[in-house]
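Here is the file protein.cif (mmCIF, C-alpha atoms).
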```cif
data_data
loop_
_atom_site.group_PDB
_atom_site.id
_atom_site.type_symbol
_atom_site.label_atom_id
_atom_site.label_comp_id
_atom_site.auth_asym_id
_atom_site.auth_seq_id
_atom_site.Cartn_x
_atom_site.Cartn_y
_atom_site.Cartn_z
ATOM 1 C CA MET S 1 -7.139 -8.269 28.029
ATOM 2 C CA ASP S 2 -8.517 -10.752 25.491
ATOM 3 C CA THR S 3 -9.510 -10.597 21.849
ATOM 4 C CA MET S 4 -13.245 -10.465 22.578
ATOM 5 C CA GLN S 5 -12.725 -7.355 24.678
ATOM 6 C CA LEU S 6 -10.860 -5.756 21.781
ATOM 7 C CA ARG S 7 -13.538 -6.756 19.263
ATOM 8 C CA LEU S 8 -16.306 -5.357 21.435
ATOM 9 C CA PHE S 9 -14.354 -2.147 21.984
ATOM 10 C CA VAL S 10 -13.741 -1.644 18.247
ATOM 11 C CA SER S 11 -17.385 -2.336 17.455
ATOM 12 C CA ALA S 12 -18.609 0.049 20.167
ATOM 13 C CA ALA S 13 -16.139 2.690 18.968
ATOM 14 C CA ASN S 14 -17.636 2.418 15.471
ATOM 15 C CA THR S 15 -21.305 2.254 16.462
ATOM 16 C CA LEU S 16 -21.105 4.467 19.574
ATOM 17 C CA ASN S 17 -23.941 2.305 20.798
ATOM 18 C CA PHE S 18 -23.498 -0.577 23.252
ATOM 19 C CA SER S 19 -26.915 -2.036 22.395
ATOM 20 C CA ARG S 20 -26.087 -2.206 18.696
ATOM 21 C CA THR S 21 -22.737 -3.830 19.467
ATOM 22 C CA ALA S 22 -24.542 -6.382 21.624
ATOM 23 C CA GLU S 23 -26.846 -7.214 18.693
ATOM 24 C CA GLN S 24 -23.865 -7.671 16.369
ATOM 25 C CA PHE S 25 -22.261 -10.187 18.739
ATOM 26 C CA PHE S 26 -25.509 -11.847 19.896
ATOM 27 C CA ILE S 27 -24.873 -11.022 23.543
ATOM 28 C CA SER S 28 -26.605 -8.789 26.082
ATOM 29 C CA GLN S 29 -25.950 -5.065 26.404
ATOM 30 C CA PRO S 30 -24.799 -5.459 30.056
ATOM 31 C CA ALA S 31 -22.228 -8.002 28.827
ATOM 32 C CA VAL S 32 -20.786 -5.400 26.444
ATOM 33 C CA THR S 33 -20.697 -2.782 29.198
ATOM 34 C CA HIS S 34 -19.003 -5.248 31.561
ATOM 35 C CA SER S 35 -16.377 -6.226 28.952
ATOM 36 C CA VAL S 36 -15.532 -2.590 28.194
ATOM 37 C CA LYS S 37 -15.262 -1.852 31.913
ATOM 38 C CA ILE S 38 -12.789 -4.720 32.391
ATOM 39 C CA LEU S 39 -10.726 -3.431 29.441
ATOM 40 C CA GLU S 40 -10.701 0.071 30.916
ATOM 41 C CA ASN S 41 -9.573 -1.296 34.282
ATOM 42 C CA THR S 42 -6.813 -3.306 32.592
ATOM 43 C CA LEU S 43 -5.539 -0.257 30.707
ATOM 44 C CA GLY S 44 -6.058 2.103 33.607
ATOM 45 C CA VAL S 45 -7.889 4.675 31.481
ATOM 46 C CA LYS S 46 -11.437 5.589 30.553
ATOM 47 C CA LEU S 47 -12.199 4.710 26.914
ATOM 48 C CA PHE S 48 -15.758 6.032 26.648
ATOM 49 C CA ASN S 49 -17.695 8.967 28.034
ATOM 50 C CA ARG S 50 -21.148 7.712 28.981
ATOM 51 C CA THR S 51 -24.377 9.658 29.427
ATOM 52 C CA SER S 52 -27.958 8.459 29.634
ATOM 53 C CA ARG S 53 -28.409 9.239 25.934
ATOM 54 C CA ARG S 54 -25.154 8.403 24.215
ATOM 55 C CA ILE S 55 -21.529 7.312 24.438
ATOM 56 C CA THR S 56 -18.480 8.983 22.920
ATOM 57 C CA LEU S 57 -14.827 8.052 22.776
ATOM 58 C CA THR S 58 -12.476 9.775 25.170
ATOM 59 C CA ALA S 59 -9.118 11.079 23.957
ATOM 60 C CA GLU S 60 -7.587 7.864 25.309
ATOM 61 C CA GLY S 61 -10.199 5.824 23.448
ATOM 62 C CA LEU S 62 -9.416 7.575 20.178
ATOM 63 C CA GLU S 63 -5.709 6.963 20.739
ATOM 64 C CA PHE S 64 -6.213 3.283 21.564
ATOM 65 C CA LEU S 65 -8.580 2.485 18.672
ATOM 66 C CA PRO S 66 -6.002 2.116 15.835
ATOM 67 C CA TYR S 67 -3.814 -0.061 18.083
ATOM 68 C CA ALA S 68 -6.765 -2.334 18.845
ATOM 69 C CA ILE S 69 -7.604 -2.595 15.139
ATOM 70 C CA ARG S 70 -4.001 -3.459 14.232
ATOM 71 C CA ALA S 71 -3.823 -6.047 17.009
ATOM 72 C CA LEU S 72 -6.952 -7.773 15.711
ATOM 73 C CA GLU S 73 -5.711 -7.616 12.115
ATOM 74 C CA THR S 74 -2.361 -9.121 13.155
ATOM 75 C CA LEU S 75 -4.089 -11.916 15.017
ATOM 76 C CA SER S 76 -6.374 -12.602 12.060
ATOM 77 C CA SER S 77 -3.374 -12.775 9.717
ATOM 78 C CA ALA S 78 -1.595 -15.149 12.092
ATOM 79 C CA GLU S 79 -4.626 -17.417 12.338
ATOM 80 C CA MET S 80 -5.000 -17.491 8.559
ATOM 81 C CA ARG S 81 -1.324 -18.233 8.099
ATOM 82 C CA LEU S 82 -1.428 -21.163 10.531
ATOM 83 C CA GLN S 83 -4.552 -22.536 8.896
ATOM 84 C CA ASN S 84 -2.846 -22.375 5.513
ATOM 85 C CA MET S 85 0.192 -24.173 6.922
ATOM 86 C CA ALA S 86 -2.074 -26.877 8.328
ATOM 87 C CA GLN S 87 -3.511 -27.320 4.828
ATOM 88 C CA GLY S 88 -0.049 -27.704 3.304
ATOM 89 C CA ARG S 89 0.498 -24.103 2.154
ATOM 90 C CA THR S 90 4.004 -23.840 3.496
ATOM 91 C CA GLY S 91 5.273 -20.867 1.456
ATOM 92 C CA HIS S 92 4.280 -17.279 2.116
ATOM 93 C CA ILE S 93 5.093 -14.008 0.331
ATOM 94 C CA LYS S 94 3.815 -10.428 0.595
ATOM 95 C CA ILE S 95 3.367 -8.216 -2.463
ATOM 96 C CA ALA S 96 2.511 -4.529 -2.760
ATOM 97 C CA ALA S 97 1.358 -3.177 -6.108
ATOM 98 C CA LEU S 98 0.030 -0.056 -7.734
ATOM 99 C CA SER S 99 -3.477 -0.692 -9.029
ATOM 100 C CA SER S 100 -2.250 0.341 -12.481
ATOM 101 C CA LEU S 101 0.034 -2.717 -12.568
ATOM 102 C CA ILE S 102 -2.362 -5.451 -11.514
ATOM 103 C CA ARG S 103 -2.416 -6.952 -15.016
ATOM 104 C CA LYS S 104 1.309 -7.669 -14.841
ATOM 105 C CA LEU S 105 0.972 -8.948 -11.279
ATOM 106 C CA SER S 106 -1.894 -11.200 -12.349
ATOM 107 C CA ASP S 107 0.209 -12.720 -15.160
ATOM 108 C CA CYS S 108 2.919 -13.566 -12.620
ATOM 109 C CA LEU S 109 0.436 -15.157 -10.217
ATOM 110 C CA VAL S 110 -1.070 -17.306 -12.965
ATOM 111 C CA ALA S 111 2.386 -18.670 -13.800
ATOM 112 C CA LEU S 112 3.221 -19.166 -10.120
ATOM 113 C CA TYR S 113 0.116 -21.158 -9.238
ATOM 114 C CA LYS S 114 0.429 -23.453 -12.226
ATOM 115 C CA LYS S 115 3.623 -24.832 -10.719
ATOM 116 C CA TYR S 116 3.461 -23.921 -7.026
ATOM 117 C CA PRO S 117 -0.169 -23.939 -5.813
ATOM 118 C CA SER S 118 0.865 -24.358 -2.165
ATOM 119 C CA ILE S 119 2.411 -20.881 -1.828
ATOM 120 C CA GLN S 120 0.257 -18.331 -0.021
ATOM 121 C CA VAL S 121 0.414 -14.834 -1.509
ATOM 122 C CA ASP S 122 -0.765 -11.739 0.365
ATOM 123 C CA ILE S 123 -1.435 -8.751 -1.897
ATOM 124 C CA ASP S 124 -2.076 -5.110 -1.002
ATOM 125 C CA LEU S 125 -2.960 -2.533 -3.649
ATOM 126 C CA LEU S 126 -1.428 0.750 -2.542
ATOM 127 C CA GLU S 127 -1.516 4.310 -3.809
ATOM 128 C CA GLY S 128 1.669 6.285 -4.412
ATOM 129 C CA THR S 129 2.623 7.614 -0.969
ATOM 130 C CA GLU S 130 1.475 4.409 0.732
ATOM 131 C CA LEU S 131 3.753 2.403 -1.514
ATOM 132 C CA VAL S 132 6.712 4.768 -1.038
ATOM 133 C CA ASN S 133 6.363 4.500 2.742
ATOM 134 C CA SER S 134 6.126 0.707 2.596
ATOM 135 C CA VAL S 135 9.335 0.578 0.519
ATOM 136 C CA ARG S 136 11.154 2.615 3.154
ATOM 137 C CA LYS S 137 9.943 0.252 5.867
ATOM 138 C CA ALA S 138 10.701 -2.864 3.759
ATOM 139 C CA ALA S 139 7.186 -4.008 4.646
ATOM 140 C CA TYR S 140 6.767 -6.315 1.625
ATOM 141 C CA ASP S 141 8.853 -8.894 -0.199
ATOM 142 C CA PHE S 142 7.992 -7.617 -3.688
ATOM 143 C CA TYR S 143 6.752 -4.426 -5.308
ATOM 144 C CA PHE S 144 5.052 -3.674 -8.611
ATOM 145 C CA SER S 145 5.762 0.018 -8.780
ATOM 146 C CA ASN S 146 7.284 2.768 -10.852
ATOM 147 C CA ALA S 147 10.951 3.631 -10.711
ATOM 148 C CA GLU S 148 10.454 7.054 -9.129
ATOM 149 C CA MET S 149 8.886 5.519 -6.049
ATOM 150 C CA LEU S 150 12.058 3.545 -5.361
ATOM 151 C CA THR S 151 14.318 6.590 -5.680
ATOM 152 C CA GLY S 152 16.647 6.700 -2.690
ATOM 153 C CA ALA S 153 15.594 3.276 -1.414
ATOM 154 C CA THR S 154 18.449 0.905 -0.597
ATOM 155 C CA GLY S 155 18.525 -2.874 -0.440
ATOM 156 C CA TYR S 156 16.392 -3.481 -3.533
ATOM 157 C CA THR S 157 16.913 -4.913 -7.002
ATOM 158 C CA SER S 158 14.506 -3.887 -9.747
ATOM 159 C CA GLN S 159 13.598 -5.080 -13.225
ATOM 160 C CA HIS S 160 12.171 -2.721 -15.841
ATOM 161 C CA ILE S 161 8.755 -4.017 -16.929
ATOM 162 C CA GLY S 162 7.723 -1.443 -19.503
ATOM 163 C CA PHE S 163 6.578 2.127 -19.790
ATOM 164 C CA GLY S 164 3.209 3.481 -18.837
ATOM 165 C CA GLN S 165 1.682 6.861 -19.427
ATOM 166 C CA VAL S 166 -0.582 9.299 -17.684
ATOM 167 C CA GLY S 167 -3.485 10.593 -19.693
ATOM 168 C CA LEU S 168 -6.215 13.185 -19.584
ATOM 169 C CA PHE S 169 -9.571 11.747 -18.504
ATOM 170 C CA VAL S 170 -12.555 13.755 -19.759
ATOM 171 C CA ASN S 171 -16.293 13.351 -20.115
ATOM 172 C CA LYS S 172 -17.460 12.461 -23.632
ATOM 173 C CA SER S 173 -19.595 15.595 -23.719
ATOM 174 C CA ILE S 174 -16.497 17.833 -23.842
ATOM 175 C CA ALA S 175 -13.995 15.536 -25.562
ATOM 176 C CA GLY S 176 -14.495 17.232 -28.927
ATOM 177 C CA GLU S 177 -13.602 20.615 -27.465
ATOM 178 C CA ILE S 178 -10.182 19.533 -26.209
ATOM 179 C CA ASP S 179 -6.947 19.654 -28.160
ATOM 180 C CA ILE S 180 -4.243 17.849 -26.163
ATOM 181 C CA ASN S 181 -1.596 19.901 -27.986
ATOM 182 C CA ASP S 182 -3.223 23.189 -26.953
ATOM 183 C CA TRP S 183 -3.738 23.335 -23.199
ATOM 184 C CA ASN S 184 -5.639 26.595 -23.531
ATOM 185 C CA THR S 185 -8.519 24.289 -24.485
ATOM 186 C CA ILE S 186 -8.070 22.466 -21.163
ATOM 187 C CA LYS S 187 -7.274 25.104 -18.546
ATOM 188 C CA GLU S 188 -10.848 26.362 -18.101
ATOM 189 C CA TYR S 189 -12.220 22.970 -17.050
ATOM 190 C CA PRO S 190 -12.358 22.094 -13.332
ATOM 191 C CA MET S 191 -10.124 19.177 -12.369
ATOM 192 C CA VAL S 192 -10.482 16.357 -9.845
ATOM 193 C CA SER S 193 -7.479 14.492 -8.484
ATOM 194 C CA ILE S 194 -6.082 11.844 -6.205
ATOM 195 C CA SER S 195 -5.512 12.992 -2.618
ATOM 196 C CA ARG S 196 -2.641 15.390 -2.015
ATOM 197 C CA THR S 197 -1.133 12.758 0.279
ATOM 198 C CA ASP S 198 -0.226 10.880 -2.915
ATOM 199 C CA ALA S 199 2.765 13.109 -3.490
ATOM 200 C CA TRP S 200 4.021 11.166 -6.513
ATOM 201 C CA LEU S 201 0.909 11.588 -8.655
ATOM 202 C CA THR S 202 -0.040 15.085 -7.509
ATOM 203 C CA GLY S 203 3.552 16.178 -8.118
ATOM 204 C CA ARG S 204 3.420 14.665 -11.605
ATOM 205 C CA ILE S 205 0.144 16.479 -12.342
ATOM 206 C CA ALA S 206 1.578 19.796 -11.166
ATOM 207 C CA ARG S 207 4.693 19.309 -13.323
ATOM 208 C CA ILE S 208 2.708 18.412 -16.440
ATOM 209 C CA CYS S 209 0.447 21.444 -16.054
ATOM 210 C CA LYS S 210 3.344 23.807 -15.315
ATOM 211 C CA ASN S 211 5.275 22.573 -18.360
ATOM 212 C CA ARG S 212 2.236 23.405 -20.484
ATOM 213 C CA GLY S 213 1.656 26.825 -18.994
ATOM 214 C CA ILE S 214 -1.516 26.273 -17.011
ATOM 215 C CA SER S 215 -2.483 26.169 -13.341
ATOM 216 C CA PRO S 216 -4.923 23.313 -12.651
ATOM 217 C CA ASN S 217 -8.245 24.307 -11.100
ATOM 218 C CA ILE S 218 -8.613 21.312 -8.757
ATOM 219 C CA ILE S 219 -12.039 21.321 -7.128
ATOM 220 C CA ASN S 220 -11.951 17.981 -5.324
ATOM 221 C CA TYR S 221 -9.545 15.293 -4.153
ATOM 222 C CA TYR S 222 -10.303 11.582 -3.823
ATOM 223 C CA ASN S 223 -8.487 8.774 -2.059
ATOM 224 C CA ARG S 224 -8.697 6.362 -5.004
ATOM 225 C CA ALA S 225 -8.329 6.638 -8.781
ATOM 226 C CA GLU S 226 -11.681 4.950 -9.380
ATOM 227 C CA ALA S 227 -13.440 7.671 -7.375
ATOM 228 C CA ALA S 228 -11.841 10.349 -9.555
ATOM 229 C CA ILE S 229 -12.913 8.451 -12.690
ATOM 230 C CA MET S 230 -16.495 8.238 -11.414
ATOM 231 C CA SER S 231 -16.381 11.990 -10.922
ATOM 232 C CA VAL S 232 -15.259 12.465 -14.528
ATOM 233 C CA ASN S 233 -18.026 10.115 -15.645
ATOM 234 C CA ALA S 234 -20.551 12.322 -13.841
ATOM 235 C CA GLY S 235 -19.219 15.430 -15.576
ATOM 236 C CA ILE S 236 -17.877 17.028 -12.405
ATOM 237 C CA GLY S 237 -14.383 17.595 -13.755
ATOM 238 C CA ILE S 238 -11.454 16.275 -15.771
ATOM 239 C CA ALA S 239 -8.501 14.327 -14.351
ATOM 240 C CA ILE S 240 -4.902 13.333 -15.040
ATOM 241 C CA LEU S 241 -4.304 9.691 -14.111
ATOM 242 C CA PRO S 242 -2.345 6.639 -15.276
ATOM 243 C CA ARG S 243 -4.055 5.450 -18.470
ATOM 244 C CA THR S 244 -4.197 1.865 -17.201
ATOM 245 C CA SER S 245 -6.714 3.115 -14.630
ATOM 246 C CA TYR S 246 -9.168 3.501 -17.497
ATOM 247 C CA GLN S 247 -8.773 -0.125 -18.536
ATOM 248 C CA MET S 248 -9.522 -1.285 -15.001
ATOM 249 C CA HIS S 249 -12.404 1.071 -14.261
ATOM 250 C CA LEU S 250 -14.324 1.456 -17.508
ATOM 251 C CA MET S 251 -16.991 4.132 -17.325
ATOM 252 C CA PRO S 252 -19.426 4.759 -20.199
ATOM 253 C CA GLU S 253 -19.021 8.548 -20.329
ATOM 254 C CA VAL S 254 -15.239 8.701 -19.912
ATOM 255 C CA VAL S 255 -12.674 9.206 -22.656
ATOM 256 C CA THR S 256 -8.943 9.070 -22.008
ATOM 257 C CA ILE S 257 -6.546 11.105 -24.152
ATOM 258 C CA PRO S 258 -2.795 10.292 -24.178
ATOM 259 C CA ILE S 259 -0.612 13.177 -23.003
ATOM 260 C CA PRO S 260 2.508 13.431 -25.197
ATOM 261 C CA GLY S 261 5.902 14.150 -23.663
ATOM 262 C CA ASP S 262 8.500 12.525 -21.429
ATOM 263 C CA ASP S 263 6.965 14.100 -18.309
ATOM 264 C CA ALA S 264 3.852 11.970 -18.901
ATOM 265 C CA ARG S 265 5.784 8.702 -19.230
ATOM 266 C CA ILE S 266 6.000 6.219 -16.352
ATOM 267 C CA ASP S 267 8.890 3.773 -15.962
ATOM 268 C CA ASN S 268 7.347 0.655 -14.376
ATOM 269 C CA VAL S 269 9.448 -1.801 -12.359
ATOM 270 C CA PHE S 270 9.236 -5.070 -10.470
ATOM 271 C CA ALA S 271 11.383 -4.797 -7.332
ATOM 272 C CA TRP S 272 12.480 -7.096 -4.529
ATOM 273 C CA LYS S 273 14.753 -7.097 -1.527
ATOM 274 C CA HIS S 274 18.376 -8.053 -2.146
ATOM 275 C CA GLU S 275 18.210 -10.728 0.524
ATOM 276 C CA GLN S 276 15.377 -13.191 -0.019
ATOM 277 C CA SER S 277 15.154 -15.274 3.126
ATOM 278 C CA THR S 278 12.631 -17.908 2.074
ATOM 279 C CA THR S 279 12.291 -20.500 -0.631
ATOM 280 C CA ALA S 280 8.868 -19.095 -1.560
ATOM 281 C CA CYS S 281 10.389 -15.660 -2.210
ATOM 282 C CA ASN S 282 13.091 -17.132 -4.407
ATOM 283 C CA ILE S 283 10.507 -19.127 -6.366
ATOM 284 C CA PHE S 284 8.262 -16.123 -7.000
ATOM 285 C CA ARG S 285 11.205 -13.930 -7.981
ATOM 286 C CA ASP S 286 12.354 -16.456 -10.578
ATOM 287 C CA VAL S 287 8.837 -17.002 -11.945
ATOM 288 C CA ALA S 288 7.996 -13.306 -12.090
ATOM 289 C CA THR S 289 11.248 -12.187 -13.699
ATOM 290 C CA GLY S 290 10.752 -14.820 -16.377
ATOM 291 C CA VAL S 291 7.157 -13.794 -17.070
ATOM 292 C CA LEU S 292 7.976 -10.096 -17.125
ATOM 293 C CA LYS S 293 10.812 -10.515 -19.630
ATOM 294 C CA LYS S 294 8.340 -11.641 -22.295
#
```
How does this structure look as structure tokens?
Amino acid sequence: MDTMQLRLFVSAANTLNFSRTAEQFFISQPAVTHSVKILENTLGVKLFNRTSRRITLTAEGLEFLPYAIRALETLSSAEMRLQNMAQGRTGHIKIAALSSLIRKLSDCLVALYKKYPSIQVDIDLLEGTELVNSVRKAAYDFYFSNAEMLTGATGYTSQHIGFGQVGLFVNKSIAGEIDINDWNTIKEYPMVSISRTDAWLTGRIARICKNRGISPNIINYYNRAEAAIMSVNAGIGIAILPRTSYQMHLMPEVVTIPIPGDDARIDNVFAWKHEQSTTACNIFRDVATGVLKK
């Protein structure tokens, strides 16, 4: 099994067309078919069902696909890391952040690169449940998160970096009809939300609505905050989201209204593992804690 076989398999799994995969890689269609056949023989399973008109993934092919993708991503990361080392970038850190905290992360990176331009920083912007799961797995060196998402996690130190707030996102056309202190003016409007897999935010929304005596009429769920904001901009529904999302994804027809109350407040934190094993981690921790104290 080699990387080209994996790349051709992933491409064919996405296109479900060997000829199109051949065009993408500038090779012949028989070469794609031959490569897939060798991969199937190596694995001892059939990855595709083939007919004269189309191909489809077998159950084994569907099972193998995410592993092949991860293997290629890991190899790509390794190649990039080695190339950076060859160019003198000897330090390496991994950071996970909520999209609502990218301003604070950006301030830390600006300060870091002024003094230590050789450190390579990998950044992933994660939604709530993704970030919680990554904390449990200790998948990153640093986190820009909220305190609730670290509840129950061991082996971390955190620094408070300010309070945020969730707000009500509404279309300008209905903003004048809403009184944030009277949720009877809100309950009749359909609501859009982040996916239910983001347990932190959806739980917060449910708690806010329950505390104000309404049951949200959620008509659609989206995997990203910006998608929900676009929906509000189109007049499809209202939304409850971190207010910093508005600053990052400005939409001309969207108004955000602060929601008063402790249940709408977010305690933001910068967190890191107790044991920092590299010099680069120690450097970033010291730089970031200094920046975030200001």
Self-check item: Selection under test: the PyMOL selection byres ((chain S and resi 204-216) around 10); residues as a VMD selection string
Solution: chain S and resid 166 181 to 184 186 to 194 199 to 203 217 to 219 239 to 241 259 261 to 265
Quiz item: Do you know which residues the PyMOL selection byres ((chain S and resi 243) around 10) returns on this file, as a list in words?
Solution: Ser100, Gly164, Gln165, Val166, Gly167, Leu168, Phe169, Ile240, Leu241, Pro242, Thr244, Ser245, Tyr246, Gln247, Met248, Thr256, Ile257, Pro258 and Ile259 of chain S
Self-check item: For atom CA of Ala22 of chain S and atom CA of Glu63 of chain S, the interatomic separation in Å (one decimal)
Solution: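 Separating atom CA of Ala22 of chain S from atom CA of Glu63 of chain S is a distance of 23.1 Å.
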Exercise. Enter the distance from atom CA of Leu105 of chain S to atom CA of Ala71 of chain S, in Å, rounded to one decimal.
Key: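 Those two atoms sit 28.8 Å apart.
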Check which residues satisfy the PyMOL selection byres ((chain S and resi 49) around 12) in the file shown, then give them as a tab-separated table (two decimals) with C-alpha atoms, in the coordinates of the input.
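The resulting file, expr_25.tsv, is reproduced below:
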```tsv
chain	number	residue	atom	x	y	z
S	12	ALA	CA	-18.61	0.05	20.17
S	13	ALA	CA	-16.14	2.69	18.97
S	16	LEU	CA	-21.10	4.47	19.57
S	17	ASN	CA	-23.94	2.31	20.80
S	36	VAL	CA	-15.53	-2.59	28.19
S	37	LYS	CA	-15.26	-1.85	31.91
S	40	GLU	CA	-10.70	0.07	30.92
S	45	VAL	CA	-7.89	4.68	31.48
S	46	LYS	CA	-11.44	5.59	30.55
S	47	LEU	CA	-12.20	4.71	26.91
S	48	PHE	CA	-15.76	6.03	26.65
S	50	ARG	CA	-21.15	7.71	28.98
S	51	THR	CA	-24.38	9.66	29.43
S	52	SER	CA	-27.96	8.46	29.63
S	53	ARG	CA	-28.41	9.24	25.93
S	54	ARG	CA	-25.15	8.40	24.22
S	55	ILE	CA	-21.53	7.31	24.44
S	56	THR	CA	-18.48	8.98	22.92
S	57	LEU	CA	-14.83	8.05	22.78
S	58	THR	CA	-12.48	9.78	25.17
S	59	ALA	CA	-9.12	11.08	23.96
S	60	GLU	CA	-7.59	7.86	25.31
S	61	GLY	CA	-10.20	5.82	23.45
S	62	LEU	CA	-9.42	7.58	20.18
```
Quiz item: Which distance in Å separates atom CA of Asp267 of chain S and atom CA of Ala147 of chain S, to one decimal?
Solution: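 Going from atom CA of Asp267 of chain S over to atom CA of Ala147 of chain S covers 5.6 Å.
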Exercise. Point out the residue among S:Ser173, S:Asn220, S:Gln120, S:Ser76 with the least atom-to-atom distance to Ile95 of chain S, counting only C-alpha atoms.
Key: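 Among S:Ser173, S:Asn220, S:Gln120, S:Ser76, it is S:Gln120 that comes nearest to Ile95 of chain S.
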Quiz prompt | Long-range neighbours of Thr278 of chain S as a PyMOL selection string, 9 Å cut-off, all atoms listed in the file, 3 positions minimum in chain | solution = chain S and resi 91-93+281-283
Exercise. Choose the residue, out of S:Gly44, S:Pro260, S:Gly290, S:Gly155, that has the smallest atom-to-atom separation from His274 of chain S; count all atoms listed in the file.
Key: S:Gly155
Practice problem: Find the residues around Ser145 of chain S up to 12 Å (all atoms listed in the file counted), leave out those fewer than 6 positions away in its own chain, and share them as JSON, numbers by chain. | Solution: {"S": [95, 96, 97, 98, 99, 100, 101, 102, 104, 105, 125, 126, 127, 128, 129, 130, 131, 132, 134, 135, 151, 158, 159, 160, 161, 162, 163, 164, 200, 266, 267, 268, 269, 270, 271, 272]}
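Checking S:Glu73, S:Asp198, S:Asp124, S:Glu253 one by one against Phe142 of chain S, counting all atoms listed in the file, you find the shortest gap at S:Asp124.
Ranking S:His34, S:Lys94, S:Lys294, S:Lys114 by their shortest atom-to-atom distance to Ser77 of chain S, with only C-alpha atoms included, puts S:Lys94 first.
Counting only C-alpha atoms, the residue from S:Tyr222, S:Glu275, S:Ala153, S:Pro252 that sits nearest to Ser195 of chain S is S:Tyr222.
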Exercise. Choose the residue, out of S:Lys273, S:Lys172, S:Arg7, S:Arg285, that has the smallest atom-to-atom separation from Leu109 of chain S; count all atoms listed in the file.
Key: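 Closest residue, counting all atoms listed in the file: S:Arg285.
Neighbouring residues of Pro30 of chain S at 9 Å or closer, counting all atoms listed in the file and skipping chain neighbours under 5 positions away, are Phe18, Ser19, Ala22 and Ser35 of chain S.
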